[in-house]
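Asks: To start, I am sharing the structure in question, which I have written as structure tokens.
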Amino acid sequence: MADDTRYAFIVEWYEEIAARTRSFQFFFYTGSKSIEMFDIKTRKMFLKTNLNDCPIDLQNLFIGASINVLGRQLTLVDYGDEFTKRKLTSKLERTLGYIKPDVVDKMGDIVDAIYSRGLLISKLRLCRFSRDDAFKFYEEHSGKSFMDSLLNYVTSGPIVAFEVVGENAVQRWRELIGPTDPAQARSECSSSLRARFGKDKTCNGLHGSDSNVSAAREIELLFPSNSRSMLTNCVRGAGSTCCIIKPHAVKSGIAGKIMNAIHDAGFTINTIQLFNLEKANVEEFYEVYKGVVHEYQGMVNELSSGQCIALEVCGKSPDTTPEAFREAVGPTDPEIARHLRPRTIRALFGTDKIKNAVHCTDLPEDAPLEVEYFFKVLDR
């Protein structure tokens with residue numbers, strides 16, 4: 001094989017049955033697309049598989065990332081050797097971005113722009129800043145004349161925070177959002193996000209870390225590695241329903257387009273969060289379909305195969321939101337949807353009955369339970 005470069009990492013897996021965290025050496029081979037895992041404690045091989053069983057790309061492998069290997073959620077905690085560290089440090093750079101309150105309704109366009117640039121979103125959540133937390137985030141501007149206006153702005157409503165990963169991610173994200181002043185952005189970078197959505201120097205729509213040092217600090221503030229985030233989610237619970245953008249759709253970069261389709265159908269995304277689900281969690285979530293739906297095992301395998309994005313969706317009438325949203329999503333089989341209701345979400349973005357773009361709550365009485373499962377149970 002011409003190029004079977006090996007990249008090495010240290011990964012951790014929390015084994016729920018034994019209630020313990022296990023550490024492994026993790027090797028990824030680019031040519032054969034194969035994976036090996038060795039238990040660090042016993043020094044024995046734990047697992048060997050190929051990409052047919054576990055669809056992972058090199059771009060998914062960066063420090064802090066969560067990946068699914070045969071239903072196990074692994075966290076990459078360190079590089080396994082100097083070669084891997086040297087090769088991937090700049091290639092898989094991380095930065096922090098967030099959508100400010102007055103532009104949250106444009107999240108579909110912004111997420112789509114990120115994916116279209118070849119960047120990856122590795123963490124994502126819709127939440128709120130308290131004033132104290134916003135001050136801590138912007139403490140470098142303490143004492144400046146615009147500080148009070150800035151704090152009022154970023155705490156005026158929900159924000160959408162995300163970690164962006166890719167080669168030279170800090171610079172590329174800054175280029176994508178454009179200059180701090182939207183007026184300057186419109187004259188110099190008319191296609192940039194601040195040119196499209198910003199109003200003035202304070203209300204400029206988006207934030208982007210200005211350096212690797214700032215990115216590391218800001219990511220740790222909003223997505224801390226060892227504790228809960230300072231941010232609180234905006235889950236409503238009543239009068240809403242659950243939607244999950246499935247891993248195949250996230251991987252193919254169409255999550256932003258699906259968000260726009262939800263908005264265009266007259267619904268509001270009340271909260272949103274990115275998850276990497278263990279197979280056991282998916283089996284628990286899909287338990288009602290076991291023994292009932294022929295595609296059950298395929299559904300479990302798909303939802304545990306990589307990143308998914310959970311959304312709490314609200315409609316114009318809280319009493320009928322689950323039914324109305326299920327109508328907008330369309331039939332389970334995208335082929336049937338394309339024939340009978342071609343403008344539905346599954347008709348537009350689905351591939352087959354398993355890779356049908358999104359899950360939506362089937363029964364109205366299950367809607368609050370599904371929303372709670374993702375945004376309260378799994379978010380603990």
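By order in the structure tokens, chains are A, B, ...; within a chain, residues start at 1; ligands start at 1, following the order shown.
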Got a sec to tell me which of range 111-359 of chain A DSSP assigns to alpha helix (DSSP H), as an MDAnalysis selection string?

Replies: chainID A and resid 111:116 131:137 147:154 169:177 182:188 193:197 212:222 247:251 255:264 279:285 296:303 321:329 334:340 345:349

Asks: Taking 3 positions as the minimum chain separation for residues in the same chain, which residues sit within 10 Å of Pro334 in chain A when counting only C-alpha atoms? Answer as JSON, numbers by chain.

Replies: {"A": [329, 330, 331, 337, 338, 339, 340, 341, 342, 344, 345, 346, 347, 348, 349, 350, 351, 352, 353, 354, 355, 356, 357]}

Asks: Using N, CA, C and O atoms, can you export the residues from the last selection as a compact mmCIF listing (two decimals), in the first residue's frame?

Replies:
# COMPACT_ATOMS: atom_id res chain seq x y z
N VAL A 329 -41.51 17.22 8.36
CA VAL A 329 -40.40 16.29 8.16
C VAL A 329 -40.70 15.30 7.04
O VAL A 329 -39.84 14.98 6.22
N GLY A 330 -41.94 14.81 7.00
CA GLY A 330 -42.35 13.91 5.92
C GLY A 330 -42.24 12.43 6.27
O GLY A 330 -41.79 12.06 7.35
N PRO A 331 -42.65 11.56 5.34
CA PRO A 331 -42.62 10.12 5.56
C PRO A 331 -41.22 9.61 5.90
O PRO A 331 -40.22 10.19 5.47
N ALA A 337 -41.42 10.02 0.31
CA ALA A 337 -41.58 11.45 0.54
C ALA A 337 -41.39 12.25 -0.74
O ALA A 337 -42.13 13.20 -1.01
N ARG A 338 -40.40 11.85 -1.55
CA ARG A 338 -40.14 12.59 -2.79
C ARG A 338 -41.29 12.46 -3.78
O ARG A 338 -41.54 13.36 -4.58
N HIS A 339 -41.99 11.34 -3.74
CA HIS A 339 -43.14 11.15 -4.64
C HIS A 339 -44.39 11.85 -4.13
O HIS A 339 -45.12 12.47 -4.90
N LEU A 340 -44.63 11.76 -2.82
CA LEU A 340 -45.89 12.26 -2.28
C LEU A 340 -45.80 13.69 -1.75
O LEU A 340 -46.74 14.47 -1.90
N ARG A 341 -44.66 14.02 -1.10
CA ARG A 341 -44.53 15.35 -0.49
C ARG A 341 -43.11 15.83 -0.69
O ARG A 341 -42.28 15.82 0.22
N PRO A 342 -42.81 16.29 -1.90
CA PRO A 342 -41.42 16.57 -2.30
C PRO A 342 -40.77 17.75 -1.60
O PRO A 342 -39.56 17.90 -1.70
N THR A 344 -40.87 18.23 1.74
CA THR A 344 -40.58 17.91 3.13
C THR A 344 -39.08 17.71 3.34
O THR A 344 -38.32 17.51 2.39
N ILE A 345 -38.66 17.75 4.61
CA ILE A 345 -37.23 17.70 4.94
C ILE A 345 -36.60 16.39 4.52
O ILE A 345 -35.50 16.37 3.95
N ARG A 346 -37.28 15.27 4.76
CA ARG A 346 -36.71 13.98 4.36
C ARG A 346 -36.68 13.82 2.85
O ARG A 346 -35.76 13.18 2.31
N ALA A 347 -37.64 14.38 2.16
CA ALA A 347 -37.62 14.33 0.69
C ALA A 347 -36.42 15.09 0.15
O ALA A 347 -35.78 14.67 -0.82
N LEU A 348 -36.11 16.21 0.77
CA LEU A 348 -35.03 17.06 0.29
C LEU A 348 -33.64 16.54 0.66
O LEU A 348 -32.69 16.68 -0.12
N PHE A 349 -33.52 15.93 1.85
CA PHE A 349 -32.18 15.62 2.37
C PHE A 349 -31.95 14.15 2.71
O PHE A 349 -30.81 13.78 3.00
N GLY A 350 -32.97 13.32 2.69
CA GLY A 350 -32.82 11.92 3.07
C GLY A 350 -32.28 11.05 1.95
O GLY A 350 -32.42 11.37 0.77
N THR A 351 -31.67 9.92 2.32
CA THR A 351 -31.12 8.96 1.36
C THR A 351 -31.96 7.69 1.31
O THR A 351 -32.33 7.21 0.26
N ASP A 352 -32.22 7.11 2.49
CA ASP A 352 -33.04 5.91 2.59
C ASP A 352 -33.75 5.92 3.95
O ASP A 352 -33.67 6.90 4.68
N LYS A 353 -34.40 4.82 4.32
CA LYS A 353 -35.21 4.80 5.53
C LYS A 353 -34.37 4.93 6.80
O LYS A 353 -34.88 5.34 7.84
N ILE A 354 -33.10 4.58 6.72
CA ILE A 354 -32.20 4.71 7.88
C ILE A 354 -31.49 6.06 7.84
O ILE A 354 -31.49 6.80 8.82
N LYS A 355 -30.92 6.39 6.70
CA LYS A 355 -30.27 7.69 6.52
C LYS A 355 -31.29 8.66 5.92
O LYS A 355 -31.16 9.11 4.78
N ASN A 356 -32.28 8.97 6.74
CA ASN A 356 -33.38 9.83 6.25
C ASN A 356 -33.31 11.24 6.81
O ASN A 356 -34.33 11.91 7.01
N ALA A 357 -32.10 11.70 7.07
CA ALA A 357 -31.78 13.08 7.44
C ALA A 357 -32.05 13.42 8.90
O ALA A 357 -31.17 13.94 9.58

Asks: Set out as a tab-separated table a contact list for range 16-123 of chain A and range 299-320 of chain A with a cut-off of 10 Å, giving each residue of range 16-123 of chain A that qualifies its closest atom pair and distance in Å to one decimal, counting only C-alpha atoms, ordered by chain and rising residue number.

Replies:
residue	atom	partner	partner_atom	distance
A:Asp53	CA	A:Ser305	CA	9.3
A:Cys54	CA	A:Ser305	CA	7.2
A:Pro55	CA	A:Ser305	CA	7.2
A:Ile56	CA	A:Gly306	CA	8.2
A:Asn60	CA	A:Gly306	CA	9.6
A:Ser66	CA	A:Gln307	CA	8.6
A:Ile67	CA	A:Gly306	CA	6.5
A:Asn68	CA	A:Gly306	CA	5.7
A:Val69	CA	A:Ser305	CA	7.6
A:Leu70	CA	A:Ser305	CA	7.6
A:Gly71	CA	A:Ser304	CA	5.8
A:Arg72	CA	A:Ser304	CA	8.5
A:Gln73	CA	A:Ser304	CA	8.8
A:Ile121	CA	A:Gln307	CA	9.5
A:Ser122	CA	A:Gln307	CA	8.2
A:Lys123	CA	A:Gln307	CA	9.4

Asks: Keeping only N, CA, C and O atoms, take the residues you just selected and write them out as a PDB file, in the first residue's frame.

Replies:
ATOM      1  N   ASP A  53     -16.443  -0.630   9.225  1.00  0.00           N
ATOM      2  CA  ASP A  53     -17.198  -0.799  10.460  1.00  0.00           C
ATOM      3  C   ASP A  53     -17.265   0.483  11.270  1.00  0.00           C
ATOM      4  O   ASP A  53     -18.118   0.653  12.118  1.00  0.00           O
ATOM      5  N   CYS A  54     -16.344   1.403  11.011  1.00  0.00           N
ATOM      6  CA  CYS A  54     -16.214   2.596  11.849  1.00  0.00           C
ATOM      7  C   CYS A  54     -15.810   3.795  10.997  1.00  0.00           C
ATOM      8  O   CYS A  54     -14.624   4.026  10.786  1.00  0.00           O
ATOM      9  N   PRO A  55     -16.772   4.555  10.445  1.00  0.00           N
ATOM     10  CA  PRO A  55     -16.458   5.634   9.503  1.00  0.00           C
ATOM     11  C   PRO A  55     -15.856   6.868  10.168  1.00  0.00           C
ATOM     12  O   PRO A  55     -16.557   7.793  10.551  1.00  0.00           O
ATOM     13  N   ILE A  56     -14.521   6.883  10.321  1.00  0.00           N
ATOM     14  CA  ILE A  56     -13.808   8.005  10.927  1.00  0.00           C
ATOM     15  C   ILE A  56     -12.790   8.538   9.931  1.00  0.00           C
ATOM     16  O   ILE A  56     -12.110   7.767   9.257  1.00  0.00           O
ATOM     17  N   ASN A  60     -11.459  14.081  12.002  1.00  0.00           N
ATOM     18  CA  ASN A  60     -12.189  13.874  13.245  1.00  0.00           C
ATOM     19  C   ASN A  60     -11.264  13.671  14.443  1.00  0.00           C
ATOM     20  O   ASN A  60     -11.722  13.653  15.579  1.00  0.00           O
ATOM     21  N   SER A  66     -14.512  13.834  20.548  1.00  0.00           N
ATOM     22  CA  SER A  66     -15.180  12.587  20.896  1.00  0.00           C
ATOM     23  C   SER A  66     -15.504  11.855  19.607  1.00  0.00           C
ATOM     24  O   SER A  66     -16.035  12.452  18.668  1.00  0.00           O
ATOM     25  N   ILE A  67     -15.181  10.582  19.556  1.00  0.00           N
ATOM     26  CA  ILE A  67     -15.461   9.776  18.371  1.00  0.00           C
ATOM     27  C   ILE A  67     -16.155   8.497  18.807  1.00  0.00           C
ATOM     28  O   ILE A  67     -16.015   8.046  19.943  1.00  0.00           O
ATOM     29  N   ASN A  68     -16.938   7.932  17.908  1.00  0.00           N
ATOM     30  CA  ASN A  68     -17.624   6.678  18.178  1.00  0.00           C
ATOM     31  C   ASN A  68     -16.943   5.540  17.449  1.00  0.00           C
ATOM     32  O   ASN A  68     -16.794   5.577  16.225  1.00  0.00           O
ATOM     33  N   VAL A  69     -16.541   4.529  18.190  1.00  0.00           N
ATOM     34  CA  VAL A  69     -15.961   3.327  17.614  1.00  0.00           C
ATOM     35  C   VAL A  69     -16.812   2.149  18.063  1.00  0.00           C
ATOM     36  O   VAL A  69     -16.813   1.782  19.239  1.00  0.00           O
ATOM     37  N   LEU A  70     -17.583   1.615  17.123  1.00  0.00           N
ATOM     38  CA  LEU A  70     -18.468   0.474  17.403  1.00  0.00           C
ATOM     39  C   LEU A  70     -19.330   0.723  18.646  1.00  0.00           C
ATOM     40  O   LEU A  70     -19.471  -0.141  19.520  1.00  0.00           O
ATOM     41  N   GLY A  71     -19.910   1.907  18.710  1.00  0.00           N
ATOM     42  CA  GLY A  71     -20.838   2.238  19.787  1.00  0.00           C
ATOM     43  C   GLY A  71     -20.194   2.747  21.046  1.00  0.00           C
ATOM     44  O   GLY A  71     -20.887   3.124  21.991  1.00  0.00           O
ATOM     45  N   ARG A  72     -18.861   2.777  21.096  1.00  0.00           N
ATOM     46  CA  ARG A  72     -18.160   3.298  22.277  1.00  0.00           C
ATOM     47  C   ARG A  72     -17.744   4.745  22.017  1.00  0.00           C
ATOM     48  O   ARG A  72     -17.160   5.039  20.984  1.00  0.00           O
ATOM     49  N   GLN A  73     -18.026   5.618  22.967  1.00  0.00           N
ATOM     50  CA  GLN A  73     -17.638   7.017  22.829  1.00  0.00           C
ATOM     51  C   GLN A  73     -16.255   7.220  23.439  1.00  0.00           C
ATOM     52  O   GLN A  73     -16.067   7.100  24.647  1.00  0.00           O
ATOM     53  N   ILE A 121     -17.384  21.500  12.697  1.00  0.00           N
ATOM     54  CA  ILE A 121     -17.895  21.938  13.994  1.00  0.00           C
ATOM     55  C   ILE A 121     -17.810  20.749  14.941  1.00  0.00           C
ATOM     56  O   ILE A 121     -18.431  19.707  14.700  1.00  0.00           O
ATOM     57  N   SER A 122     -17.037  20.904  16.006  1.00  0.00           N
ATOM     58  CA  SER A 122     -16.822  19.786  16.922  1.00  0.00           C
ATOM     59  C   SER A 122     -17.624  19.901  18.210  1.00  0.00           C
ATOM     60  O   SER A 122     -17.841  18.913  18.906  1.00  0.00           O
ATOM     61  N   LYS A 123     -18.051  21.107  18.555  1.00  0.00           N
ATOM     62  CA  LYS A 123     -18.930  21.335  19.703  1.00  0.00           C
ATOM     63  C   LYS A 123     -19.907  22.429  19.306  1.00  0.00           C
ATOM     64  O   LYS A 123     -19.561  23.343  18.564  1.00  0.00           O
TER      65      LYS A 123
END

Asks: Quick one: pull the distance between CA of Lys144 in chain A and CA of Ser192 in chain A, Å, one decimal.

Replies: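 Between CA of Lys144 in chain A and CA of Ser192 in chain A the gap works out to 26.7 Å.
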
Asks: Do a neighbour search on range 83-85 of chain A at 12 Å with only C-alpha atoms, toss out local chain neighbours closer than 3 positions, and write the hits as a list of chain:residue names.

Replies: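 With the cut-off at 12 Å, the set is A:Thr5, A:Arg6, A:Tyr7, A:Ala8, A:Phe9, A:Ile10, A:Phe26, A:Phe27, A:Phe28, A:Tyr29, A:Leu58, A:Leu61, A:Phe62, A:Ile63, A:Asp78, A:Tyr79, A:Gly80, A:Leu88, A:Thr89, A:Ser90, A:Lys91, A:Leu92, A:Glu93.
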
Asks: Between A:Thr42, A:Thr268, A:Asn281, A:Thr202, which has the minimum distance to Ser145 in chain A (counting only C-alpha atoms)?

Replies: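 Once distances to Ser145 in chain A are computed over only C-alpha atoms, the minimum belongs to A:Thr202.
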
Asks: Need the shell around Ala169 in chain A: protein/DNA/RNA residues with any atom at most 12 Å away, counting only C-alpha atoms. Skip same-chain ones fewer than 2 positions apart. Format as a count of residues only?

Replies: 32

Asks: Just checking: using only C-alpha atoms, which residue out of A:Cys360, A:Val154, A:Val213, A:Ile110 ends up closest to Lys246 in chain A?

Replies: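 Selected residue with least distance to Lys246 in chain A: A:Cys360.
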
Asks: Skip Ala195 in chain A itself and residues of its chain fewer than 4 positions away, then list as a PyMOL selection string all residues within 10 Å of it, counting only C-alpha atoms.

Replies: chain A and resi 177-191+199-200+204-205

Asks: Between A:Glu372, A:Glu284, A:Glu12, A:Asp57, single out the one closest to Phe38 in chain A, counting only C-alpha atoms.

Replies: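 Smallest separation from Phe38 in chain A among the options: A:Glu12.
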
Asks: Any idea what the distance is between CA of Ala161 in chain A and CA of Trp13 in chain A?

Replies: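 Atom-to-atom, CA of Ala161 in chain A and CA of Trp13 in chain A are spaced 25.6 Å apart.
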
Asks: Please compute the CA of His359 in chain A-CA of Arg326 in chain A distance, one decimal, in Å.

Replies: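 CA of Arg326 in chain A lies at a distance of 9.3 Å from CA of His359 in chain A.
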
Asks: Given only C-alpha atoms as the basis, pick out the residue of A:Arg236, A:Glu218, A:Thr321, A:Gly157 nearest to Lys136 in chain A.

Replies: A:Glu218

Asks: Calculated over only C-alpha atoms, which of the candidates A:Ser156, A:Asn270, A:Asn260, A:Thr332 has the smallest distance to Lys106 in chain A?

Replies: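 Going through A:Ser156, A:Asn270, A:Asn260, A:Thr332 one by one, the smallest distance to Lys106 in chain A is for A:Asn260.
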